[in-house]
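Participant: Contents are mmCIF, C-alpha atoms; file name my_file16.cif:
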data_query
#
loop_
_atom_site.label_atom_id
_atom_site.label_comp_id
_atom_site.auth_asym_id
_atom_site.auth_seq_id
_atom_site.Cartn_x
_atom_site.Cartn_y
_atom_site.Cartn_z
CA MET O 24 83.55 97.36 90.05
CA GLU O 25 86.80 99.00 91.19
CA GLN O 26 87.16 96.40 93.94
CA PHE O 27 86.67 93.68 91.31
CA MET O 28 89.39 95.24 89.15
CA GLU O 29 91.76 95.28 92.11
CA GLN O 30 91.25 91.61 92.85
CA GLN O 31 91.96 90.64 89.26
CA GLN O 32 95.51 92.01 89.38
CA LYS O 33 98.14 89.32 88.95
CA ALA O 34 101.73 90.42 89.36
CA VAL O 35 105.20 89.16 88.63
CA ILE O 36 107.67 90.62 91.14
CA VAL O 37 111.21 91.43 90.01
CA GLY O 38 114.34 92.21 92.01
CA VAL O 39 118.03 92.78 91.42
CA ASN O 40 120.44 91.49 94.05
CA LEU O 41 123.18 94.10 93.89
CA ASN O 42 126.57 92.84 95.03
CA HIS O 43 125.20 89.95 97.12
CA GLN O 44 123.00 91.78 99.65
CA LYS O 45 122.39 89.62 102.73
CA ASP O 46 118.78 90.68 103.11
CA PHE O 47 117.82 90.35 99.44
CA GLU O 48 115.63 87.26 99.81
CA TYR O 49 113.78 88.78 102.71
CA SER O 50 113.21 92.06 100.87
CA MET O 51 111.66 90.10 97.96
CA GLU O 52 109.44 88.20 100.40
CA GLU O 53 108.40 91.50 101.91
CA LEU O 54 107.63 92.90 98.44
CA ALA O 55 105.21 89.99 97.94
CA ASN O 56 103.58 90.81 101.32
CA LEU O 57 103.24 94.46 100.32
CA ALA O 58 101.60 93.40 97.05
CA GLU O 59 99.15 91.18 98.94
CA ALA O 60 98.34 94.11 101.21
CA CYS O 61 97.11 95.85 98.02
CA ASN O 62 94.94 92.86 96.97
CA VAL O 63 97.42 91.88 94.26
CA GLU O 64 98.04 88.18 93.62
CA VAL O 65 101.74 87.41 93.13
CA VAL O 66 102.00 84.79 90.36
CA GLY O 67 105.77 84.70 89.84
CA THR O 68 109.18 85.99 90.89
CA VAL O 69 112.20 86.88 88.75
CA THR O 70 115.55 87.81 90.31
CA GLN O 71 118.97 88.67 88.94
CA ASN O 72 122.43 89.05 90.50
CA LEU O 73 124.21 92.15 89.18
CA SER O 74 127.08 94.39 90.18
CA ARG O 75 125.04 97.38 88.94
CA VAL O 76 121.50 97.79 87.62
CA ASN O 77 120.76 98.10 83.92
CA THR O 78 120.22 101.83 83.37
CA SER O 79 117.63 101.43 80.62
CA HIS O 80 115.55 98.49 81.92
CA TYR O 81 116.81 97.80 85.50
CA ILE O 82 117.28 94.12 84.49
CA GLY O 83 119.15 92.50 81.57
CA THR O 84 117.58 91.48 78.24
CA GLY O 85 117.50 87.75 79.11
CA LYS O 86 115.65 88.38 82.36
CA LEU O 87 113.24 90.68 80.54
CA GLN O 88 112.32 87.74 78.30
CA ASP O 89 111.83 85.57 81.43
CA VAL O 90 109.39 88.16 82.80
CA THR O 91 107.46 88.25 79.49
CA ALA O 92 107.24 84.44 79.42
CA MET O 93 106.04 84.33 83.04
CA LEU O 94 103.38 86.98 82.39
CA GLU O 95 102.02 84.98 79.45
CA GLU O 96 102.17 81.68 81.30
CA GLN O 97 100.44 82.98 84.47
CA GLY O 98 98.08 85.51 82.89
CA GLY O 99 99.85 88.36 84.66
CA ASN O 100 98.92 92.00 84.01
CA LEU O 101 101.31 93.84 86.33
CA VAL O 102 105.05 93.84 87.09
CA ILE O 103 106.32 95.15 90.43
CA PHE O 104 110.01 96.01 90.83
CA ASN O 105 111.75 95.86 94.20
CA ASP O 106 113.57 99.20 93.84
CA GLU O 107 112.50 102.67 92.84
CA LEU O 108 112.56 102.96 89.04
CA SER O 109 113.56 106.03 87.06
CA PRO O 110 111.01 107.65 84.68
CA SER O 111 112.86 106.27 81.62
CA GLN O 112 113.02 102.75 83.10
CA ILE O 113 109.23 102.76 83.64
CA ARG O 114 108.71 103.96 80.05
CA ASN O 115 111.08 101.38 78.51
CA LEU O 116 109.76 98.49 80.59
CA GLU O 117 106.12 99.25 79.83
CA SER O 118 106.91 99.57 76.14
CA ASP O 119 108.66 96.15 76.04
CA LEU O 120 106.47 94.22 78.49
CA ASP O 121 103.16 95.74 77.35
CA VAL O 122 101.73 95.71 80.91
CA LYS O 123 101.61 98.20 83.73
CA VAL O 124 104.91 98.53 85.62
CA ILE O 125 105.23 99.90 89.17
CA ASP O 126 107.92 99.85 91.87
CA ARG O 127 108.16 99.24 95.61
CA THR O 128 107.78 102.96 96.39
CA ILE O 129 104.42 103.41 94.68
CA LEU O 130 103.23 100.16 96.27
CA ILE O 131 103.98 101.49 99.78
CA LEU O 132 102.47 104.86 98.86
CA ASP O 133 99.30 103.05 97.79
CA ILE O 134 99.06 101.20 101.11
CA PHE O 135 99.57 104.46 103.00
CA GLY O 136 96.89 106.07 100.80
CA GLU O 137 94.44 103.30 101.72
CA ARG O 138 95.22 103.38 105.44
CA ALA O 139 95.39 107.14 106.08
CA ARG O 140 92.51 108.24 108.31
CA THR O 141 93.31 111.66 109.75
CA ARG O 142 93.58 114.78 107.62
CA GLU O 143 97.27 115.12 108.48
CA ALA O 144 98.11 111.56 107.39
CA GLN O 145 96.09 111.99 104.17
CA LEU O 146 97.94 115.21 103.35
CA GLN O 147 101.32 113.65 104.10
CA VAL O 148 100.57 110.72 101.79
CA GLU O 149 99.23 112.94 99.03
CA VAL O 150 102.33 115.15 99.11
CA ALA O 151 104.57 112.07 98.94
CA GLN O 152 102.54 110.66 96.00
CA LEU O 153 102.70 113.91 94.04
CA GLN O 154 106.44 114.30 94.68
CA TYR O 155 107.00 110.74 93.45
CA MET O 156 104.90 111.31 90.34
CA LEU O 157 106.32 114.68 89.37
CA PRO O 158 109.41 113.38 87.50
CA ARG O 159 107.45 110.38 86.17
CA LEU O 160 104.49 112.15 84.54
CA VAL O 161 105.22 110.94 81.00
CA GLY O 162 105.64 107.27 81.91
CA LEU O 163 102.66 107.25 84.22
CA ARG O 164 100.43 109.02 81.70
CA GLU O 165 101.20 106.31 79.16
CA SER O 166 100.46 103.71 81.83
CA LEU O 167 96.97 105.14 82.31
CA GLY O 168 95.99 104.23 78.81
CA ARG O 169 97.17 100.68 79.39
CA GLN O 170 94.91 99.81 82.33
CA SER O 171 92.68 101.82 84.59
CA GLY O 172 92.05 101.01 88.23
CA GLY O 173 94.08 98.93 90.61
CA VAL O 174 97.31 99.46 92.49
CA GLY O 175 99.61 102.19 91.22
CA THR O 176 96.84 104.27 89.62
CA LYS O 177 93.78 104.01 91.85
CA ASN O 178 94.87 106.20 94.73
CA LYS O 179 92.61 108.01 97.16
CA GLY O 180 94.79 111.11 97.04
CA VAL O 181 95.96 110.97 93.48
CA GLY O 182 93.50 109.73 90.87
CA GLU O 183 93.68 109.77 87.10
CA LYS O 184 92.58 113.41 86.84
CA LYS O 185 95.45 114.50 89.06
CA LEU O 186 97.92 112.58 86.91
CA GLU O 187 96.70 114.61 83.95
CA LEU O 188 97.66 117.86 85.65
CA ASP O 189 100.72 119.45 84.14
CA ARG O 190 103.95 119.79 86.11
CA ARG O 191 103.30 123.40 87.12
CA ARG O 192 99.87 122.64 88.57
CA ILE O 193 101.24 119.65 90.48
CA GLU O 194 103.93 121.86 92.00
CA GLU O 195 101.26 124.39 92.96
CA LYS O 196 99.21 121.60 94.51
CA ILE O 197 102.23 120.40 96.54
CA THR O 198 102.80 123.95 97.80
CA MET O 199 99.13 124.29 98.76
CA LEU O 200 99.07 120.94 100.59
CA ASN O 201 102.31 121.77 102.41
CA LYS O 202 100.77 125.03 103.65
CA GLU O 203 97.78 123.14 105.05
CA LEU O 204 100.15 120.62 106.58
CA GLU O 205 102.17 123.38 108.25
CA VAL O 206 99.03 124.52 110.10
CA LEU O 207 98.38 120.97 111.35
CA VAL O 208 102.04 120.48 112.29
CA ALA O 209 102.01 123.78 114.23
CA HIS O 210 98.87 122.57 116.06
CA ARG O 211 100.62 119.30 116.90
CA GLN O 212 103.67 121.18 118.22
CA THR O 213 101.40 123.29 120.44
CA GLN O 214 99.86 120.08 121.82
CA ARG O 215 103.36 118.70 122.43
CA LYS O 216 104.38 121.81 124.34
CA LYS O 217 101.25 121.51 126.51
CA ARG O 218 102.10 117.86 127.21
CA LYS O 219 105.67 118.84 128.13
CA LYS O 220 104.33 121.41 130.60
CA THR O 221 102.42 118.72 132.50
CA GLY O 222 105.82 117.25 133.35
CA LEU O 223 104.54 113.74 132.57
CA PRO O 224 107.18 111.38 131.16
CA ILE O 225 106.60 110.37 127.52
CA VAL O 226 107.03 106.75 126.42
CA SER O 227 107.02 106.01 122.66
CA LEU O 228 106.33 102.70 120.95
CA VAL O 229 108.53 102.13 117.91
CA GLY O 230 109.21 99.12 115.72
CA TYR O 231 108.76 97.36 112.43
CA THR O 232 105.34 97.39 110.78
CA ASN O 233 103.01 94.71 112.22
CA ALA O 234 105.24 94.03 115.27
CA GLY O 235 102.23 94.63 117.54
CA LYS O 236 102.76 98.21 118.78
CA SER O 237 99.03 99.05 118.80
CA THR O 238 98.24 95.77 120.58
CA VAL O 239 100.82 96.63 123.28
CA MET O 240 99.25 100.07 123.62
CA ASN O 241 95.74 98.61 123.93
CA ALA O 242 96.89 96.07 126.54
CA LEU O 243 98.19 98.95 128.71
CA VAL O 244 95.15 101.15 128.05
CA GLU O 245 92.77 98.31 129.05
CA LEU O 246 94.62 97.71 132.31
CA TYR O 247 95.17 101.30 133.35
CA THR O 248 92.22 103.34 132.11
CA GLU O 249 88.55 103.24 132.97
CA THR O 250 87.07 103.63 129.49
CA LYS O 251 87.38 101.28 126.55
CA ASP O 252 86.83 104.04 123.96
CA LYS O 253 90.52 104.89 124.35
CA LEU O 254 91.59 101.75 122.47
CA VAL O 255 93.44 102.28 119.18
CA PHE O 256 92.91 100.44 115.89
CA GLU O 257 94.85 97.21 115.65
CA LYS O 258 94.94 94.60 112.92
CA ASN O 259 97.31 91.91 111.71
CA MET O 260 98.37 93.76 108.57
CA LEU O 261 101.15 95.98 107.30
CA PHE O 262 100.88 99.67 108.25
CA ALA O 263 97.64 99.39 110.27
CA THR O 264 98.71 102.55 112.16
CA LEU O 265 99.65 105.77 110.34
CA GLU O 266 98.38 108.26 112.90
CA THR O 267 100.16 109.02 116.13
CA SER O 268 97.96 108.14 119.10
CA VAL O 269 98.65 109.47 122.59
CA ARG O 270 97.15 107.93 125.72
CA SER O 271 97.62 108.75 129.38
CA ILE O 272 98.49 105.69 131.48
CA GLU O 273 97.72 106.16 135.18
CA LEU O 274 99.31 103.66 137.55
CA GLU O 275 97.96 102.78 140.99
CA ASP O 276 100.43 104.91 142.96
CA ASN O 277 99.51 108.22 141.29
CA LYS O 278 102.36 107.91 138.83
CA SER O 279 101.38 108.64 135.24
CA PHE O 280 103.01 108.70 131.84
CA LEU O 281 101.97 109.42 128.26
CA LEU O 282 102.20 106.56 125.80
CA THR O 283 102.49 107.29 122.06
CA ASP O 284 102.05 104.87 119.15
CA THR O 285 103.72 105.65 115.81
CA VAL O 286 103.84 104.49 112.19
CA GLY O 287 105.78 101.24 111.70
CA PHE O 288 108.99 101.02 109.71
CA VAL O 289 109.81 98.82 106.74
CA SER O 290 112.97 98.14 104.72
CA LYS O 291 113.55 100.65 101.91
CA LEU O 292 110.91 103.00 103.31
CA PRO O 293 110.56 105.54 100.47
CA HIS O 294 112.38 108.77 101.22
CA HIS O 295 109.31 110.72 100.04
CA LEU O 296 107.41 109.13 102.90
CA VAL O 297 110.09 109.60 105.55
CA LYS O 298 110.16 113.26 104.53
CA ALA O 299 106.37 113.58 104.53
CA PHE O 300 105.98 111.82 107.89
CA ARG O 301 108.88 113.60 109.58
CA SER O 302 106.49 115.71 111.69
CA THR O 303 104.71 112.54 112.88
CA LEU O 304 108.01 110.83 113.61
CA GLU O 305 109.18 113.87 115.57
CA GLU O 306 106.80 112.70 118.31
CA VAL O 307 109.39 110.00 119.00
CA SER O 308 112.17 112.56 119.48
CA GLU O 309 110.25 114.04 122.45
CA ALA O 310 110.16 110.71 124.30
CA ASP O 311 111.90 109.97 127.60
CA LEU O 312 111.88 106.25 126.79
CA LEU O 313 111.48 104.18 123.61
CA LEU O 314 109.76 100.80 123.70
CA HIS O 315 111.13 98.93 120.67
CA VAL O 316 108.46 96.32 119.90
CA VAL O 317 109.77 93.24 118.07
CA ASP O 318 107.70 90.39 116.63
CA CYS O 319 109.95 87.59 117.86
CA SER O 320 107.79 84.95 116.12
CA ASN O 321 109.01 86.32 112.78
CA PRO O 322 112.17 84.49 111.61
CA GLU O 323 113.53 87.82 110.33
CA PHE O 324 113.13 89.67 113.64
CA GLU O 325 116.85 90.57 113.86
CA GLN O 326 116.59 92.21 110.46
CA HIS O 327 113.55 94.17 111.67
CA ILE O 328 115.48 95.39 114.72
CA ARG O 329 118.34 96.57 112.52
CA ILE O 330 116.05 98.39 110.06
CA THR O 331 114.10 100.10 112.87
CA ASN O 332 117.31 101.26 114.55
CA GLU O 333 118.69 102.52 111.22
CA THR O 334 115.45 104.43 110.52
CA LEU O 335 115.55 106.02 113.99
CA LYS O 336 119.16 107.04 113.38
CA ALA O 337 118.22 108.51 109.98
CA ILE O 338 115.65 110.82 111.64
CA GLY O 339 118.18 111.85 114.27
CA ILE O 340 117.04 109.73 117.22
CA GLU O 341 119.98 108.07 118.96
CA GLU O 342 120.31 109.21 122.56
CA ILE O 343 116.93 108.17 124.02
CA PRO O 344 116.98 105.14 126.39
CA MET O 345 115.40 102.04 124.81
CA VAL O 346 113.78 98.86 126.09
CA TYR O 347 113.32 95.91 123.71
CA ILE O 348 109.91 94.26 123.94
CA PHE O 349 109.91 90.82 122.36
CA ASN O 350 106.22 90.44 121.53
CA LYS O 351 104.23 87.40 120.27
CA VAL O 352 106.26 84.91 122.38
CA ASP O 353 103.15 82.69 122.32
CA LEU O 354 103.56 82.28 118.54
CA ARG O 355 107.32 81.71 118.56
CA GLU O 356 108.65 78.22 117.92
CA GLY O 357 111.59 77.23 120.09
CA ALA O 358 113.21 79.18 122.92
CA ALA O 359 112.76 82.92 123.33
CA PRO O 360 115.54 84.95 121.67
CA GLU O 361 118.45 86.04 123.80
CA ASN O 362 119.02 89.65 124.73
CA VAL O 363 120.06 91.42 121.52
CA SER O 364 122.38 93.87 123.26
CA ASN O 365 123.07 95.18 126.73
CA THR O 366 119.70 96.91 126.56
CA ASP O 367 116.86 95.95 128.91
CA THR O 368 114.55 93.33 127.41
CA VAL O 369 111.03 92.11 128.25
CA TYR O 370 109.24 89.08 126.77
CA ILE O 371 105.48 89.44 126.32
CA SER O 372 102.37 88.44 124.40
CA ALA O 373 100.34 91.64 124.18
CA LYS O 374 97.39 89.73 122.70
CA LYS O 375 97.26 87.31 125.65
CA LYS O 376 98.33 89.95 128.22
CA TRP O 377 101.41 87.91 129.19
CA GLY O 378 104.34 89.80 130.70
CA ILE O 379 102.53 93.15 131.02
CA ASP O 380 103.45 93.46 134.73
CA GLU O 381 107.14 92.96 133.87
CA LEU O 382 106.79 95.59 131.13
CA ILE O 383 105.26 98.14 133.52
CA SER O 384 107.98 97.36 136.05
CA MET O 385 110.65 98.03 133.40
CA ILE O 386 108.98 101.30 132.36
CA ARG O 387 108.86 102.38 136.02
CA GLN O 388 112.59 101.72 136.49
CA HIS O 389 113.40 104.01 133.59
CA ILE O 390 111.00 106.94 133.87
CA PHE O 391 110.43 107.33 137.60
CA LYS O 392 114.08 107.52 138.60
CA ASP O 393 113.72 111.09 139.80
CA TYR O 394 111.16 110.24 142.51
CA VAL O 395 112.24 110.81 146.11
CA GLN O 396 110.81 109.55 149.39
CA CYS O 397 110.37 112.08 152.19
CA ILE O 398 108.15 113.24 155.05
CA MET O 399 106.38 116.60 154.88
CA ARG O 400 104.45 118.43 157.60
CA ILE O 401 101.80 120.67 156.06
CA PRO O 402 100.15 123.39 158.20
CA TYR O 403 96.38 122.99 158.52
CA ASP O 404 95.75 126.31 156.73
CA GLN O 405 97.36 124.82 153.57
CA GLY O 406 94.84 122.03 153.07
CA GLN O 407 94.89 122.51 149.29
CA LEU O 408 98.53 121.32 149.30
CA VAL O 409 97.52 118.05 150.98
CA SER O 410 94.94 117.56 148.18
CA TYR O 411 97.59 118.35 145.53
CA LEU O 412 100.05 115.80 146.95
CA ASN O 413 97.35 113.15 147.27
CA GLU O 414 96.65 113.57 143.56
CA ASN O 415 100.20 114.02 142.27
CA ALA O 416 102.38 111.98 144.59
CA HIS O 417 102.25 108.53 146.15
CA VAL O 418 101.20 109.11 149.76
CA LEU O 419 102.34 106.13 151.85
CA ASP O 420 101.09 107.29 155.25
CA THR O 421 99.05 110.19 156.71
CA SER O 422 98.96 111.27 160.35
CA TYR O 423 97.52 114.35 162.06
CA GLU O 424 99.63 116.27 164.54
CA SER O 425 99.04 119.42 166.57
CA ASP O 426 100.79 121.68 164.04
CA GLY O 427 99.71 120.09 160.75
CA THR O 428 99.19 117.04 158.56
CA LYS O 429 102.22 114.74 158.36
CA LEU O 430 102.60 112.90 155.03
CA LYS O 431 105.08 110.15 154.26
CA LEU O 432 105.26 110.19 150.48
CA GLU O 433 107.10 109.55 147.26
CA CYS O 434 107.07 112.49 144.84
CA ARG O 435 108.78 113.92 141.79
CA THR O 436 112.03 115.77 142.42
CA SER O 437 110.40 118.94 141.01
CA ASP O 438 107.67 118.79 143.69
CA TYR O 439 110.24 117.97 146.37
CA MET O 440 112.23 121.11 145.44
CA LYS O 441 109.06 123.20 145.42
CA PHE O 442 107.96 122.14 148.89
CA GLU O 443 111.37 121.43 150.45
CA HIS O 444 110.68 123.96 153.24
CA LEU O 445 107.97 121.59 154.53
CA VAL O 446 110.22 118.51 154.64
CA VAL O 447 110.93 117.19 158.14
CA GLU O 448 113.17 114.46 159.53
CA GLU O 449 111.53 111.26 160.80
#
Could the structure of this file be written out as structure tokens, please?

Facilitator:
Amino acid sequence: MEQFMEQQQKAVIVGVNLNHQKDFEYSMEELANLAEACNVEVVGTVTQNLSRVNTSHYIGTGKLQDVTAMLEEQGGNLVIFNDELSPSQIRNLESDLDVKVIDRTILILDIFGERARTREAQLQVEVAQLQYMLPRLVGLRESLGRQSGGVGTKNKGVGEKKLELDRRRIEEKITMLNKELEVLVAHRQTQRKKRKKTGLPIVSLVGYTNAGKSTVMNALVELYTETKDKLVFEKNMLFATLETSVRSIELEDNKSFLLTDTVGFVSKLPHHLVKAFRSTLEEVSEADLLLHVVDCSNPEFEQHIRITNETLKAIGIEEIPMVYIFNKVDLREGAAPENVSNTDTVYISAKKKWGIDELISMIRQHIFKDYVQCIMRIPYDQGQLVSYLNENAHVLDTSYESDGTKLKLECRTSDYMKFEHLVVEE
């Protein structure tokens, strides 16, 4: 029955173009996509150009009448606004329009609520939902009486009962959830420290939502691991990935790196969410290299690049080397896009496994710079060291001499320093 209720939702989407924003049209298009991701049918769009938003209703009186007319004409029962609304705006709009009113923030929170799989992601979403609802209790409580079920009220983490909690109990709930989150975050940090100790380089996939990060990860996992159970969830939809996945990629020459997949970005990502997912996003700050995945078949790909870079900057990530991966070249019409900056660029189709060799080659250039070639002579009574180097270095040639095993190899600088006393000239 709930699913049926969801599918019956018909929405009019409303946006204000403040001072001629360049990306306004795209952000409205994206709002429609977000609505569809919540099984909401968009039946109309109303926009207005303003120098500042209307403090009481977000839009002017004339446009309000347009929205009412469109709702009646199309049988709409929901209005979605492109910006975060204040508690009084929600109250006034619902009173005048006589339908449920939600904004872009709660829409994204709903999608995150639906997609969250791990306990950590579920907690992060629930905290963000409660923080959003705290100042809006009155408006949202009135909204409950208007229509039950559907986007904006039917949340996994925050159902109708939770909305009926008073402010104090919601604050207590937030505190309790944050404490549970702290334990999980501490566990994640311990895992990160362990990974750091291995000395393996860390490569992080970043990019706009639905750019194909998980597909890129799976393409590499399929090629460089034995088991298929290491594949991560991938689907052509917004925010398919909320959990950080880490996979070890082992190349043929005993060189390995850790590959991490992260939550995708979107324009106007609610600050509640950025705050809640900060611990997840911190995974990116540990990386030695960022792979910025771009869906180059999307006409707005340049906008996506800009928003991703701005989001990275907002969470304090600026100094890490980056490679642009233009994905979905098989779906792009016309020539491949030119290099967006002086940064290294690779053109691939992760789905069709095109360009993966070039991608690996680019990753190698960046993260294995500190490898050195040398010759070591290892005494026969230190056989365990020969085993270690065979596992952790790229042994190019082995010969046996009277005073030990002679290895021509390529190894990490750290191993070279450790065993420098065994290095010999050719």

Participant: If the PyMOL selection byres ((chain O and resi 60-63) around 6) is run on the structure shown, which residues does it catch, given as a PyMOL selection string?

Facilitator: chain O and resi 30+32-33+57-59+64

Participant: Just checking: using all atoms listed in the file, which residue out of O:Leu132, O:Val447, O:Ile197, O:Leu94 ends up closest to Leu120 of chain O?

Facilitator: O:Leu94

Participant: For Phe349 of chain O, list every protein, DNA or RNA residue within 8 Å, evaluated using all atoms listed in the file, and leave out those in the same chain fewer than 4 positions away; present the list as a list in words.

Facilitator: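 What passes the distance filter is Val316, Val317, Asp318, Cys319, Thr368, Val369, Tyr370 and Ile371 of chain O.
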
Participant: I'd like the neighbourhood of segment 410-422 of chain O as a PDB file with C-alpha atoms, in the coordinates of the input, where a residue qualifies if any of its atoms comes within 12 Å (using all atoms listed in the file), though same-chain residues fewer than 3 positions away should be ignored.

Facilitator:
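Contents of selection.pdb, as written:
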ATOM      1  CA  THR O 221     102.420 118.720 132.500  1.00  0.00           C
ATOM      2  CA  GLY O 222     105.820 117.250 133.350  1.00  0.00           C
ATOM      3  CA  LEU O 223     104.540 113.740 132.570  1.00  0.00           C
ATOM      4  CA  GLU O 273      97.720 106.160 135.180  1.00  0.00           C
ATOM      5  CA  LEU O 274      99.310 103.660 137.550  1.00  0.00           C
ATOM      6  CA  GLU O 275      97.960 102.780 140.990  1.00  0.00           C
ATOM      7  CA  ASP O 276     100.430 104.910 142.960  1.00  0.00           C
ATOM      8  CA  ASN O 277      99.510 108.220 141.290  1.00  0.00           C
ATOM      9  CA  LYS O 278     102.360 107.910 138.830  1.00  0.00           C
ATOM     10  CA  SER O 279     101.380 108.640 135.240  1.00  0.00           C
ATOM     11  CA  PHE O 391     110.430 107.330 137.600  1.00  0.00           C
ATOM     12  CA  TYR O 394     111.160 110.240 142.510  1.00  0.00           C
ATOM     13  CA  VAL O 395     112.240 110.810 146.110  1.00  0.00           C
ATOM     14  CA  GLN O 396     110.810 109.550 149.390  1.00  0.00           C
ATOM     15  CA  CYS O 397     110.370 112.080 152.190  1.00  0.00           C
ATOM     16  CA  ILE O 398     108.150 113.240 155.050  1.00  0.00           C
ATOM     17  CA  MET O 399     106.380 116.600 154.880  1.00  0.00           C
ATOM     18  CA  ARG O 400     104.450 118.430 157.600  1.00  0.00           C
ATOM     19  CA  ILE O 401     101.800 120.670 156.060  1.00  0.00           C
ATOM     20  CA  TYR O 403      96.380 122.990 158.520  1.00  0.00           C
ATOM     21  CA  GLN O 405      97.360 124.820 153.570  1.00  0.00           C
ATOM     22  CA  GLY O 406      94.840 122.030 153.070  1.00  0.00           C
ATOM     23  CA  GLN O 407      94.890 122.510 149.290  1.00  0.00           C
ATOM     24  CA  SER O 425      99.040 119.420 166.570  1.00  0.00           C
ATOM     25  CA  ASP O 426     100.790 121.680 164.040  1.00  0.00           C
ATOM     26  CA  GLY O 427      99.710 120.090 160.750  1.00  0.00           C
ATOM     27  CA  THR O 428      99.190 117.040 158.560  1.00  0.00           C
ATOM     28  CA  LYS O 429     102.220 114.740 158.360  1.00  0.00           C
ATOM     29  CA  LEU O 430     102.600 112.900 155.030  1.00  0.00           C
ATOM     30  CA  LYS O 431     105.080 110.150 154.260  1.00  0.00           C
ATOM     31  CA  LEU O 432     105.260 110.190 150.480  1.00  0.00           C
ATOM     32  CA  GLU O 433     107.100 109.550 147.260  1.00  0.00           C
ATOM     33  CA  CYS O 434     107.070 112.490 144.840  1.00  0.00           C
ATOM     34  CA  ARG O 435     108.780 113.920 141.790  1.00  0.00           C
ATOM     35  CA  THR O 436     112.030 115.770 142.420  1.00  0.00           C
ATOM     36  CA  SER O 437     110.400 118.940 141.010  1.00  0.00           C
ATOM     37  CA  ASP O 438     107.670 118.790 143.690  1.00  0.00           C
ATOM     38  CA  TYR O 439     110.240 117.970 146.370  1.00  0.00           C
ATOM     39  CA  LYS O 441     109.060 123.200 145.420  1.00  0.00           C
ATOM     40  CA  PHE O 442     107.960 122.140 148.890  1.00  0.00           C
TER      41      PHE O 442
END

Participant: Apply the PyMOL selection byres ((chain O and resi 56) around 12) to the file shown and report the selected residues as a VMD selection string.

Facilitator: chain O and resid 36 49 to 55 57 to 65 105 127 130 to 131 134 232 to 233 260 to 262 289

Participant: Take atom CA of Ile338 of chain O and atom CA of Asp284 of chain O and report the distance between them in Å, one decimal.

Facilitator: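 About the pair atom CA of Ile338 of chain O and atom CA of Asp284 of chain O: they are 16.6 Å apart.
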
Participant: Smallest atom-to-atom distance to Gln326 of chain O: which of O:Leu146, O:Glu361, O:Gly230, O:Phe280, using all atoms listed in the file?

Facilitator: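 Between O:Leu146, O:Glu361, O:Gly230, O:Phe280, the residue approaching Gln326 of chain O most closely is O:Gly230.
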
Participant: Can you measure atom CA of Phe104 of chain O to atom CA of Asp126 of chain O for me? One decimal in Å is fine.

Facilitator: 4.5 Å
